[in-house]
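Read the structure below first, then the notes.
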Amino acid sequence: MTERLAPPAQRPWLCLWGGAAASLLSVGGRFDVPLAAWVAPLLLLRFLRHTRPLVALPAVFAVTVASAAVWMAELAVPITWLVFLGVVALGVAYGLPYVVDRLLGPRAGTLGRVLLFPAAAMSVEFLLGTYGPFGTVYGMRAASQHTSTALLQITALTGPYAIAFVIGAGATVGNLVWERGPHRPAPRWAAAYATAVALIVVGGQLRTMSTDTGGDTVKVAGVNPSHAAIDAETAVHGASRLAVTDPRRVDRADVRRAMRPLLDDLFRQTDRAAAAGARIVVWSENAARVADEDHRAFLRQASAAADAHNVYLLVADLTYLPDAPHGRDETHLFGPDGSKLWDYEKARPIPGLEIYTPGDGHVPVVDSPYGRLANVICFDADFPAGNHIDADIVLVPGGDWPEMGRTHTAMAGLRAIENGYALVRQDFNGQSSAYDATGRLLSTQDTTTDTGVWYADVPVHGSRTPYSRTGDILSWAVLAGTVAAAVVLARRTRRHPAPPSGSASSARASAVGPGR
């Protein structure tokens, strides 16, 4: 009778269903369970290693694509063909580390079997987060752990993609223990992994306690259009402001009719914020909607407001242009003397949703009595490589919707930990939050229910991190190592094909690998 080292037939499928459920609870959405991000790859690898590849791989791809689709539905991402195809592509991409483990892992020995999958997972995250059109808005394991600030402090040293490696290594070490039990070297690997995670968490806790940003703070105020202003704007356009973001489909005469009540409201709230002691005032993304011919007058009014109240005022507007690309998503910072300190255009318009021409990506930074101030806009903050900013406070006007806002703001907060600056995200119709250089939440406001002026006392000194200086050098090293290992293992597999699936030797290779 053929020897069987794999579990009974029904148990791998239980692992698949359990892994699928855990995957759907760790998509970076509203209903995430942080532990589920660790459980999903553990169970999916268990299923994968004990099921024929022609069956296992399509099943795992179905899980990764379904997870991406659930993320899209859970966060009510507006569906276009480009967005839908992009989400499917993301699901496929995040299934590739499982292909690497299943097809190349059995020839990698114990060391390779433990490291190959997490290295591939980290590499995929890095490539998509750096070069993918959607950045890290989907799939980043660090985002699923945003409540575990002690764990996330390691990203100040390594960058955010290392969390994928840590979680992936937990899955491969867990499977090693599951497969071999108390037999060597499983206990040694388990002890080494547990020690490494403990050091990461303890070290992270020490960083949160020891990071010195000084005792000085500045009061920052966030301003959104009020409900009354939004209702008046909607009455003019006959649709909500989310429905009129495409400037090609908006009557410019309507824009001009809706502009004055909207600007009056925004500047009235700015006056209120300054009277309450705010020294920096930031508007949410596209807070003002202005026709191109009225733009200079709008900037003069902003300059006068900053001068009159002796504040740094960051205004954000969508300017409607008569010709293509018909719109400009931008911010302008005015100093306490009314001088304009920068103009900034959004560098990363959302693919499939925003048609604006991207800005040049140069992040503006100015010195102030409250530290070095900088600014990116909403989706820009989902690309870690573009957020290595030598600043003390980064202002991030955002424009979300109720299902997306809380999650998207928490994602942006990761940039504060990675780079050692305070981050203030003023979000329309979502969640506004301020974080210090260790990711500690300083203040927050649910802007789906409250559009009043929001305040946060923010440290004026940042704390530069190794990651902000060296960038993604570790991720590049892991990517190079993964590619090299894959090439070597692919050649080894061609020279020495695996035994036919179902034989005793095949089952043994799948269960324990050749490095026993």
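Following the order of the structure tokens, chains are lettered A, B, ..., residues in each are numbered from 1, and ligands are numbered from 1.
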- Please give the complete set of residues from stretch 317-439 of chain A that DSSP, run on the backbone, assigns to helix (DSSP H, G or I), formatted as a PyMOL selection string. chain A and resi 378-382+384-387+402-419
Excluding stretch 478-481 of chain A and its own-chain neighbours fewer than 3 positions away, which residues fall within 6 Å of it when counting only C-alpha atoms? Please give them as a compact mmCIF listing (two decimals) with N, CA and C atoms, in the first residue's frame.
```
# COMPACT_ATOMS: atom_id res chain seq x y z
N SER A 123 8.83 40.84 -1.73
CA SER A 123 9.23 41.37 -3.04
C SER A 123 8.03 41.83 -3.85
N SER A 475 14.67 46.20 0.80
CA SER A 475 13.71 45.58 -0.11
C SER A 475 14.37 45.20 -1.42
N ALA A 484 17.38 35.58 -7.59
CA ALA A 484 18.51 34.67 -7.75
C ALA A 484 18.16 33.26 -7.28
```
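Residues in contact range of A:Arg11, defined as at most 12 Å between only C-alpha atoms, with sequence neighbours fewer than 4 positions away removed, read Ala6, Pro7, Cys15, Leu16, Trp17, Gly18, Leu43, Leu44, Arg46, Phe47, Leu48, His50 and Thr51 of chain A.
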Can you write out the residues you just picked, keeping N, CA, C and O atoms, as a PDB file, in the first residue's frame?
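Dumped to part-v6.pdb:
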```pdb
ATOM      1  N   ALA A   6       0.842  12.871   3.770  1.00  0.00           N
ATOM      2  CA  ALA A   6      -0.054  14.013   3.775  1.00  0.00           C
ATOM      3  C   ALA A   6      -1.256  13.719   4.656  1.00  0.00           C
ATOM      4  O   ALA A   6      -1.589  12.570   4.927  1.00  0.00           O
ATOM      5  N   PRO A   7      -1.951  14.765   5.152  1.00  0.00           N
ATOM      6  CA  PRO A   7      -3.127  14.556   5.987  1.00  0.00           C
ATOM      7  C   PRO A   7      -4.239  13.885   5.184  1.00  0.00           C
ATOM      8  O   PRO A   7      -4.177  13.827   3.959  1.00  0.00           O
ATOM      9  N   CYS A  15      -8.253  23.500   5.484  1.00  0.00           N
ATOM     10  CA  CYS A  15      -7.244  24.559   5.551  1.00  0.00           C
ATOM     11  C   CYS A  15      -7.510  25.625   4.492  1.00  0.00           C
ATOM     12  O   CYS A  15      -7.338  26.824   4.746  1.00  0.00           O
ATOM     13  N   LEU A  16      -7.942  25.187   3.304  1.00  0.00           N
ATOM     14  CA  LEU A  16      -8.248  26.163   2.265  1.00  0.00           C
ATOM     15  C   LEU A  16      -9.377  27.086   2.695  1.00  0.00           C
ATOM     16  O   LEU A  16      -9.279  28.311   2.586  1.00  0.00           O
ATOM     17  N   TRP A  17     -10.455  26.497   3.196  1.00  0.00           N
ATOM     18  CA  TRP A  17     -11.598  27.314   3.594  1.00  0.00           C
ATOM     19  C   TRP A  17     -11.263  28.208   4.777  1.00  0.00           C
ATOM     20  O   TRP A  17     -11.686  29.370   4.841  1.00  0.00           O
ATOM     21  N   GLY A  18     -10.484  27.683   5.719  1.00  0.00           N
ATOM     22  CA  GLY A  18     -10.061  28.512   6.847  1.00  0.00           C
ATOM     23  C   GLY A  18      -9.136  29.645   6.389  1.00  0.00           C
ATOM     24  O   GLY A  18      -9.268  30.784   6.841  1.00  0.00           O
ATOM     25  N   LEU A  43      -2.533  28.756   6.778  1.00  0.00           N
ATOM     26  CA  LEU A  43      -3.473  27.723   6.325  1.00  0.00           C
ATOM     27  C   LEU A  43      -3.408  27.519   4.814  1.00  0.00           C
ATOM     28  O   LEU A  43      -3.520  26.379   4.336  1.00  0.00           O
ATOM     29  N   LEU A  44      -3.230  28.598   4.063  1.00  0.00           N
ATOM     30  CA  LEU A  44      -3.161  28.438   2.604  1.00  0.00           C
ATOM     31  C   LEU A  44      -1.919  27.656   2.193  1.00  0.00           C
ATOM     32  O   LEU A  44      -1.967  26.837   1.266  1.00  0.00           O
ATOM     33  N   ARG A  46      -0.489  25.385   4.036  1.00  0.00           N
ATOM     34  CA  ARG A  46      -0.765  24.008   4.447  1.00  0.00           C
ATOM     35  C   ARG A  46      -1.572  23.289   3.374  1.00  0.00           C
ATOM     36  O   ARG A  46      -1.276  22.139   3.003  1.00  0.00           O
ATOM     37  N   PHE A  47      -2.610  23.962   2.869  1.00  0.00           N
ATOM     38  CA  PHE A  47      -3.411  23.386   1.788  1.00  0.00           C
ATOM     39  C   PHE A  47      -2.561  23.171   0.540  1.00  0.00           C
ATOM     40  O   PHE A  47      -2.591  22.095  -0.086  1.00  0.00           O
ATOM     41  N   LEU A  48      -1.800  24.179   0.188  1.00  0.00           N
ATOM     42  CA  LEU A  48      -1.035  24.157  -1.053  1.00  0.00           C
ATOM     43  C   LEU A  48      -0.015  23.025  -1.079  1.00  0.00           C
ATOM     44  O   LEU A  48       0.169  22.350  -2.104  1.00  0.00           O
ATOM     45  N   HIS A  50      -0.081  20.188   0.334  1.00  0.00           N
ATOM     46  CA  HIS A  50      -0.627  18.844   0.438  1.00  0.00           C
ATOM     47  C   HIS A  50      -1.704  18.571  -0.603  1.00  0.00           C
ATOM     48  O   HIS A  50      -2.541  17.693  -0.426  1.00  0.00           O
ATOM     49  N   THR A  51      -1.678  19.350  -1.678  1.00  0.00           N
ATOM     50  CA  THR A  51      -2.653  19.189  -2.756  1.00  0.00           C
ATOM     51  C   THR A  51      -1.921  19.323  -4.082  1.00  0.00           C
ATOM     52  O   THR A  51      -0.962  20.093  -4.188  1.00  0.00           O
TER      53      THR A  51
END
```
- Item | Selection: 12 Å around A:Pro369, only C-alpha atoms, excl. self and same-chain fewer than 5 positions, as a ChimeraX atom specification | /A:216-218,279-280,311-312,335-336,392-393,459-461
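The smallest atom-to-atom distance between A:Ala490 and any of A:Ala477, A:Ala108, A:Val366, A:Ala305, using only C-alpha atoms, is found for A:Ala108.
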Check which residues of stretch 355-464 of chain A sit at most 12 Å from stretch 149-154 of chain A using only C-alpha atoms, and return one row each with the closest pair of atoms and their distance in Å to one decimal, ordered by chain and rising number, as a Markdown table.
```
| residue | atom | partner | partner_atom | distance |
| --- | --- | --- | --- | --- |
| A:Ala410 | CA | A:Thr149 | CA | 11.5 |
| A:Met411 | CA | A:Leu152 | CA | 12.0 |
| A:Gly413 | CA | A:Thr149 | CA | 10.6 |
| A:Leu414 | CA | A:Leu152 | CA | 8.1 |
| A:Arg415 | CA | A:Leu152 | CA | 10.8 |
| A:Ala416 | CA | A:Gln153 | CA | 10.2 |
| A:Ile417 | CA | A:Gln153 | CA | 6.4 |
| A:Glu418 | CA | A:Gln153 | CA | 7.6 |
| A:Asn419 | CA | A:Gln153 | CA | 10.5 |
| A:Gly420 | CA | A:Gln153 | CA | 10.2 |
| A:Tyr435 | CA | A:Thr149 | CA | 11.4 |
| A:Asp436 | CA | A:Thr149 | CA | 11.6 |
| A:Ala437 | CA | A:Gln153 | CA | 10.0 |
| A:Thr438 | CA | A:Gln153 | CA | 7.0 |
| A:Gly439 | CA | A:Thr149 | CA | 6.7 |
| A:Arg440 | CA | A:Thr149 | CA | 7.5 |
| A:Leu441 | CA | A:Thr149 | CA | 10.0 |
```
Resulting file, chosen residues, C-alpha atoms, as a PDB file, in the first residue's frame:
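Saved the output as part11.pdb:
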```pdb
ATOM      1  CA  ALA A 410      -4.700  54.772   9.034  1.00  0.00           C
ATOM      2  CA  MET A 411      -2.665  53.717   5.985  1.00  0.00           C
ATOM      3  CA  GLY A 413      -0.331  57.177   9.322  1.00  0.00           C
ATOM      4  CA  LEU A 414       2.245  54.472   8.575  1.00  0.00           C
ATOM      5  CA  ARG A 415       4.336  57.090   6.754  1.00  0.00           C
ATOM      6  CA  ALA A 416       4.825  58.924  10.074  1.00  0.00           C
ATOM      7  CA  ILE A 417       6.443  55.860  11.682  1.00  0.00           C
ATOM      8  CA  GLU A 418       8.591  55.062   8.647  1.00  0.00           C
ATOM      9  CA  ASN A 419      10.009  58.556   8.292  1.00  0.00           C
ATOM     10  CA  GLY A 420       9.869  60.055  11.772  1.00  0.00           C
ATOM     11  CA  TYR A 435      -0.037  61.094  14.346  1.00  0.00           C
ATOM     12  CA  ASP A 436       3.316  61.730  15.966  1.00  0.00           C
ATOM     13  CA  ALA A 437       6.639  60.339  14.723  1.00  0.00           C
ATOM     14  CA  THR A 438       5.978  56.929  16.316  1.00  0.00           C
ATOM     15  CA  GLY A 439       2.477  56.587  14.880  1.00  0.00           C
ATOM     16  CA  ARG A 440       0.744  57.479  18.164  1.00  0.00           C
ATOM     17  CA  LEU A 441      -2.718  58.880  17.488  1.00  0.00           C
TER      18      LEU A 441
END
```
- Message: Taking 2 positions as the minimum chain separation for residues in the same chain, which residues sit within 8 Å of stretch 130-136 of chain A when counting only C-alpha atoms? Answer as an MDAnalysis selection string.
- Response: chainID A and resid 125:128 138:140 350:351 382:385
Hey, can you spit out that residue selection with N, CA, C and O atoms as a PDB file, in the first residue's frame?
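Saved result, again32.pdb, follows:
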```pdb
ATOM      1  N   GLU A 125       5.088  42.793  -2.668  1.00  0.00           N
ATOM      2  CA  GLU A 125       4.585  44.009  -2.030  1.00  0.00           C
ATOM      3  C   GLU A 125       5.420  45.221  -2.421  1.00  0.00           C
ATOM      4  O   GLU A 125       4.900  46.292  -2.730  1.00  0.00           O
ATOM      5  N   PHE A 126       6.730  45.053  -2.380  1.00  0.00           N
ATOM      6  CA  PHE A 126       7.631  46.156  -2.696  1.00  0.00           C
ATOM      7  C   PHE A 126       7.456  46.630  -4.136  1.00  0.00           C
ATOM      8  O   PHE A 126       7.354  47.832  -4.406  1.00  0.00           O
ATOM      9  N   LEU A 127       7.415  45.704  -5.081  1.00  0.00           N
ATOM     10  CA  LEU A 127       7.294  46.091  -6.481  1.00  0.00           C
ATOM     11  C   LEU A 127       5.962  46.786  -6.750  1.00  0.00           C
ATOM     12  O   LEU A 127       5.911  47.808  -7.444  1.00  0.00           O
ATOM     13  N   LEU A 128       4.873  46.250  -6.182  1.00  0.00           N
ATOM     14  CA  LEU A 128       3.572  46.875  -6.399  1.00  0.00           C
ATOM     15  C   LEU A 128       3.479  48.218  -5.681  1.00  0.00           C
ATOM     16  O   LEU A 128       2.908  49.181  -6.204  1.00  0.00           O
ATOM     17  N   TYR A 138      -3.753  48.670  -1.531  1.00  0.00           N
ATOM     18  CA  TYR A 138      -4.236  47.305  -1.312  1.00  0.00           C
ATOM     19  C   TYR A 138      -3.061  46.354  -1.170  1.00  0.00           C
ATOM     20  O   TYR A 138      -2.080  46.441  -1.913  1.00  0.00           O
ATOM     21  N   GLY A 139      -3.164  45.438  -0.215  1.00  0.00           N
ATOM     22  CA  GLY A 139      -2.236  44.319  -0.135  1.00  0.00           C
ATOM     23  C   GLY A 139      -1.101  44.467   0.840  1.00  0.00           C
ATOM     24  O   GLY A 139      -0.410  43.486   1.114  1.00  0.00           O
ATOM     25  N   MET A 140      -0.859  45.647   1.372  1.00  0.00           N
ATOM     26  CA  MET A 140       0.264  45.813   2.294  1.00  0.00           C
ATOM     27  C   MET A 140      -0.090  45.225   3.651  1.00  0.00           C
ATOM     28  O   MET A 140      -1.036  45.643   4.317  1.00  0.00           O
ATOM     29  N   ILE A 350      -5.737  59.131  -8.918  1.00  0.00           N
ATOM     30  CA  ILE A 350      -6.176  57.742  -8.810  1.00  0.00           C
ATOM     31  C   ILE A 350      -6.493  57.197 -10.202  1.00  0.00           C
ATOM     32  O   ILE A 350      -7.345  57.758 -10.913  1.00  0.00           O
ATOM     33  N   PRO A 351      -5.828  56.111 -10.627  1.00  0.00           N
ATOM     34  CA  PRO A 351      -6.074  55.567 -11.967  1.00  0.00           C
ATOM     35  C   PRO A 351      -7.537  55.165 -12.143  1.00  0.00           C
ATOM     36  O   PRO A 351      -8.131  54.517 -11.280  1.00  0.00           O
ATOM     37  N   ASP A 382       0.125  57.001  -0.409  1.00  0.00           N
ATOM     38  CA  ASP A 382       0.093  55.540  -0.531  1.00  0.00           C
ATOM     39  C   ASP A 382       1.308  54.989  -1.270  1.00  0.00           C
ATOM     40  O   ASP A 382       1.340  53.797  -1.596  1.00  0.00           O
ATOM     41  N   PHE A 383       2.303  55.830  -1.507  1.00  0.00           N
ATOM     42  CA  PHE A 383       3.533  55.410  -2.186  1.00  0.00           C
ATOM     43  C   PHE A 383       4.714  55.731  -1.273  1.00  0.00           C
ATOM     44  O   PHE A 383       5.230  56.857  -1.284  1.00  0.00           O
ATOM     45  N   PRO A 384       5.138  54.772  -0.448  1.00  0.00           N
ATOM     46  CA  PRO A 384       6.179  55.057   0.548  1.00  0.00           C
ATOM     47  C   PRO A 384       7.441  55.684  -0.019  1.00  0.00           C
ATOM     48  O   PRO A 384       8.038  56.558   0.614  1.00  0.00           O
ATOM     49  N   ALA A 385       7.863  55.274  -1.216  1.00  0.00           N
ATOM     50  CA  ALA A 385       9.114  55.794  -1.775  1.00  0.00           C
ATOM     51  C   ALA A 385       9.047  57.289  -2.038  1.00  0.00           C
ATOM     52  O   ALA A 385      10.088  57.958  -2.052  1.00  0.00           O
TER      53      ALA A 385
END
```
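Separating atom CA of A:Asp360 from atom CA of A:Met122 is a distance of 28.1 Å.
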- Task: Using only C-alpha atoms, determine which residues lie at most 10 Å from A:Gly29, disregarding the query and same-chain residues fewer than 3 positions distant; provide the list as a ChimeraX atom specification.
- Result: /A:24-26,32-33,70-75,138,143-144,403-404,406-408
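Closest approach to A:Gly109 from the set A:Leu489, A:Gly277, A:Ile167, A:Ala69 is made by A:Leu489, with distances taken over only C-alpha atoms.
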- Polymer residues at most 6 Å from stretch 422-429 of chain A, only C-alpha atoms, same-chain spacing of 5 or more positions, as a ChimeraX atom specification: /A:222,284,393-402,416,434-437,447-448
Please write the residues from the selection above to a file, keeping all heavy atoms, as a short mmCIF file (atom, residue, chain, number, x, y, z; two decimals), in the first residue's frame.
```
data_model
loop_
_atom_site.label_atom_id
_atom_site.label_comp_id
_atom_site.auth_asym_id
_atom_site.auth_seq_id
_atom_site.Cartn_x
_atom_site.Cartn_y
_atom_site.Cartn_z
N GLY A 222 -8.03 71.61 11.23
CA GLY A 222 -8.49 71.06 9.97
C GLY A 222 -9.85 71.60 9.61
O GLY A 222 -10.74 71.68 10.48
N SER A 284 -9.25 70.25 3.60
CA SER A 284 -9.29 68.92 2.98
C SER A 284 -9.14 69.03 1.47
O SER A 284 -9.30 70.11 0.87
CB SER A 284 -10.60 68.21 3.32
OG SER A 284 -11.71 68.98 2.88
N ILE A 393 6.57 68.16 10.16
CA ILE A 393 5.12 67.98 10.06
C ILE A 393 4.75 67.89 8.59
O ILE A 393 5.11 68.77 7.79
CB ILE A 393 4.36 69.16 10.71
CG1 ILE A 393 4.73 69.31 12.18
CG2 ILE A 393 2.85 68.96 10.55
CD1 ILE A 393 4.10 70.54 12.84
N VAL A 394 4.05 66.82 8.21
CA VAL A 394 3.57 66.65 6.85
C VAL A 394 2.05 66.79 6.86
O VAL A 394 1.36 66.09 7.62
CB VAL A 394 3.99 65.29 6.27
CG1 VAL A 394 3.39 65.10 4.87
CG2 VAL A 394 5.52 65.20 6.18
N LEU A 395 1.54 67.68 6.05
CA LEU A 395 0.11 67.95 5.95
C LEU A 395 -0.45 67.19 4.75
O LEU A 395 0.11 67.28 3.65
CB LEU A 395 -0.14 69.45 5.80
CG LEU A 395 0.52 70.34 6.86
CD1 LEU A 395 0.36 71.81 6.51
CD2 LEU A 395 -0.05 70.04 8.24
N VAL A 396 -1.53 66.44 4.96
CA VAL A 396 -2.08 65.58 3.91
C VAL A 396 -3.57 65.84 3.75
O VAL A 396 -4.40 65.21 4.43
CB VAL A 396 -1.84 64.09 4.22
CG1 VAL A 396 -2.26 63.23 3.03
CG2 VAL A 396 -0.38 63.82 4.58
N PRO A 397 -3.97 66.78 2.89
CA PRO A 397 -5.39 66.91 2.59
C PRO A 397 -5.89 65.64 1.90
O PRO A 397 -5.25 65.12 0.99
CB PRO A 397 -5.44 68.11 1.63
CG PRO A 397 -4.14 68.83 1.84
CD PRO A 397 -3.14 67.77 2.19
N GLY A 398 -7.01 65.12 2.37
CA GLY A 398 -7.58 63.90 1.80
C GLY A 398 -9.01 64.11 1.38
O GLY A 398 -9.71 64.98 1.91
N GLY A 399 -9.47 63.30 0.45
CA GLY A 399 -10.85 63.36 0.00
C GLY A 399 -11.40 61.95 -0.17
O GLY A 399 -11.20 61.34 -1.22
N ASP A 400 -12.08 61.45 0.85
CA ASP A 400 -12.56 60.07 0.83
C ASP A 400 -14.08 60.02 0.89
O ASP A 400 -14.77 61.02 0.68
CB ASP A 400 -11.95 59.29 2.00
CG ASP A 400 -10.48 58.96 1.79
OD1 ASP A 400 -10.14 58.54 0.69
OD2 ASP A 400 -9.69 59.15 2.73
N TRP A 401 -14.59 58.85 1.19
CA TRP A 401 -16.01 58.62 1.38
C TRP A 401 -16.15 57.75 2.62
O TRP A 401 -15.16 57.19 3.12
CB TRP A 401 -16.63 57.97 0.15
CG TRP A 401 -15.90 56.78 -0.37
CD1 TRP A 401 -16.12 55.47 -0.07
CD2 TRP A 401 -14.80 56.78 -1.31
NE1 TRP A 401 -15.25 54.65 -0.75
CE2 TRP A 401 -14.42 55.43 -1.52
CE3 TRP A 401 -14.10 57.79 -1.99
CZ2 TRP A 401 -13.38 55.07 -2.37
CZ3 TRP A 401 -13.07 57.42 -2.84
CH2 TRP A 401 -12.72 56.08 -3.02
N PRO A 402 -17.35 57.61 3.20
CA PRO A 402 -17.49 57.00 4.52
C PRO A 402 -16.86 55.62 4.66
O PRO A 402 -16.23 55.32 5.67
CB PRO A 402 -19.00 56.95 4.72
CG PRO A 402 -19.52 58.11 3.93
CD PRO A 402 -18.64 58.19 2.72
N ALA A 416 4.24 58.20 8.93
CA ALA A 416 4.82 58.92 10.07
C ALA A 416 5.85 58.05 10.79
O ALA A 416 6.95 58.50 11.12
CB ALA A 416 3.72 59.35 11.04
N ALA A 434 -4.34 62.89 13.34
CA ALA A 434 -2.97 63.38 13.46
C ALA A 434 -2.16 62.35 14.22
O ALA A 434 -2.64 61.78 15.22
CB ALA A 434 -2.95 64.72 14.19
N TYR A 435 -0.93 62.09 13.76
CA TYR A 435 -0.04 61.09 14.35
C TYR A 435 1.31 61.75 14.66
O TYR A 435 1.76 62.63 13.92
CB TYR A 435 0.21 59.93 13.38
CG TYR A 435 -1.05 59.22 12.92
CD1 TYR A 435 -1.74 59.66 11.79
CD2 TYR A 435 -1.53 58.11 13.60
CE1 TYR A 435 -2.88 59.01 11.36
CE2 TYR A 435 -2.68 57.45 13.17
CZ TYR A 435 -3.35 57.91 12.05
OH TYR A 435 -4.48 57.26 11.62
N ASP A 436 1.96 61.26 15.73
CA ASP A 436 3.32 61.73 15.97
C ASP A 436 4.31 60.83 15.24
O ASP A 436 3.91 59.94 14.47
CB ASP A 436 3.62 61.84 17.46
CG ASP A 436 3.74 60.49 18.17
OD1 ASP A 436 3.72 59.43 17.50
OD2 ASP A 436 3.89 60.49 19.41
N ALA A 437 5.60 61.03 15.48
CA ALA A 437 6.64 60.34 14.72
C ALA A 437 6.71 58.85 15.01
O ALA A 437 7.40 58.12 14.29
CB ALA A 437 8.00 60.97 15.00
N THR A 447 -15.29 62.67 10.07
CA THR A 447 -15.85 63.73 9.24
C THR A 447 -17.07 63.29 8.44
O THR A 447 -17.60 64.08 7.67
CB THR A 447 -14.78 64.30 8.30
OG1 THR A 447 -14.26 63.26 7.46
CG2 THR A 447 -13.64 64.92 9.08
N THR A 448 -17.51 62.05 8.63
CA THR A 448 -18.78 61.65 8.02
C THR A 448 -19.95 62.20 8.81
O THR A 448 -21.05 62.33 8.29
CB THR A 448 -18.90 60.12 7.94
OG1 THR A 448 -18.94 59.58 9.27
CG2 THR A 448 -17.73 59.51 7.20
#
```
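In this structure, atom CA of A:Glu285 sits 8.8 Å away from atom CA of A:Asn224.
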- Please measure the separation of atom CA of A:Val100 and atom CA of A:Arg494, giving the value in Å to one decimal. 14.6 Å
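The nearest approach to A:Val63 among the residues A:Gly359, A:Gly352, A:Gly95, A:Pro78, with only C-alpha atoms taken into account, belongs to A:Gly95.
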- Query: Using the chain letters and numbers from this document, which residues of stretch 147-300 of chain A does DSSP assign to strand (DSSP E), as number ranges by chain?
  - Reply: A: 217-223, 280-283, 288-291
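Ranking A:Thr234, A:Gly215, A:Val483, A:Ser433 by their shortest atom-to-atom distance to A:Gly462, with only C-alpha atoms included, puts A:Gly215 first.
Among the candidate residues A:Thr482, A:Trp178, A:Glu293, A:Gln205, the one lying nearest to A:Val124 is A:Thr482, with distances computed using only C-alpha atoms.
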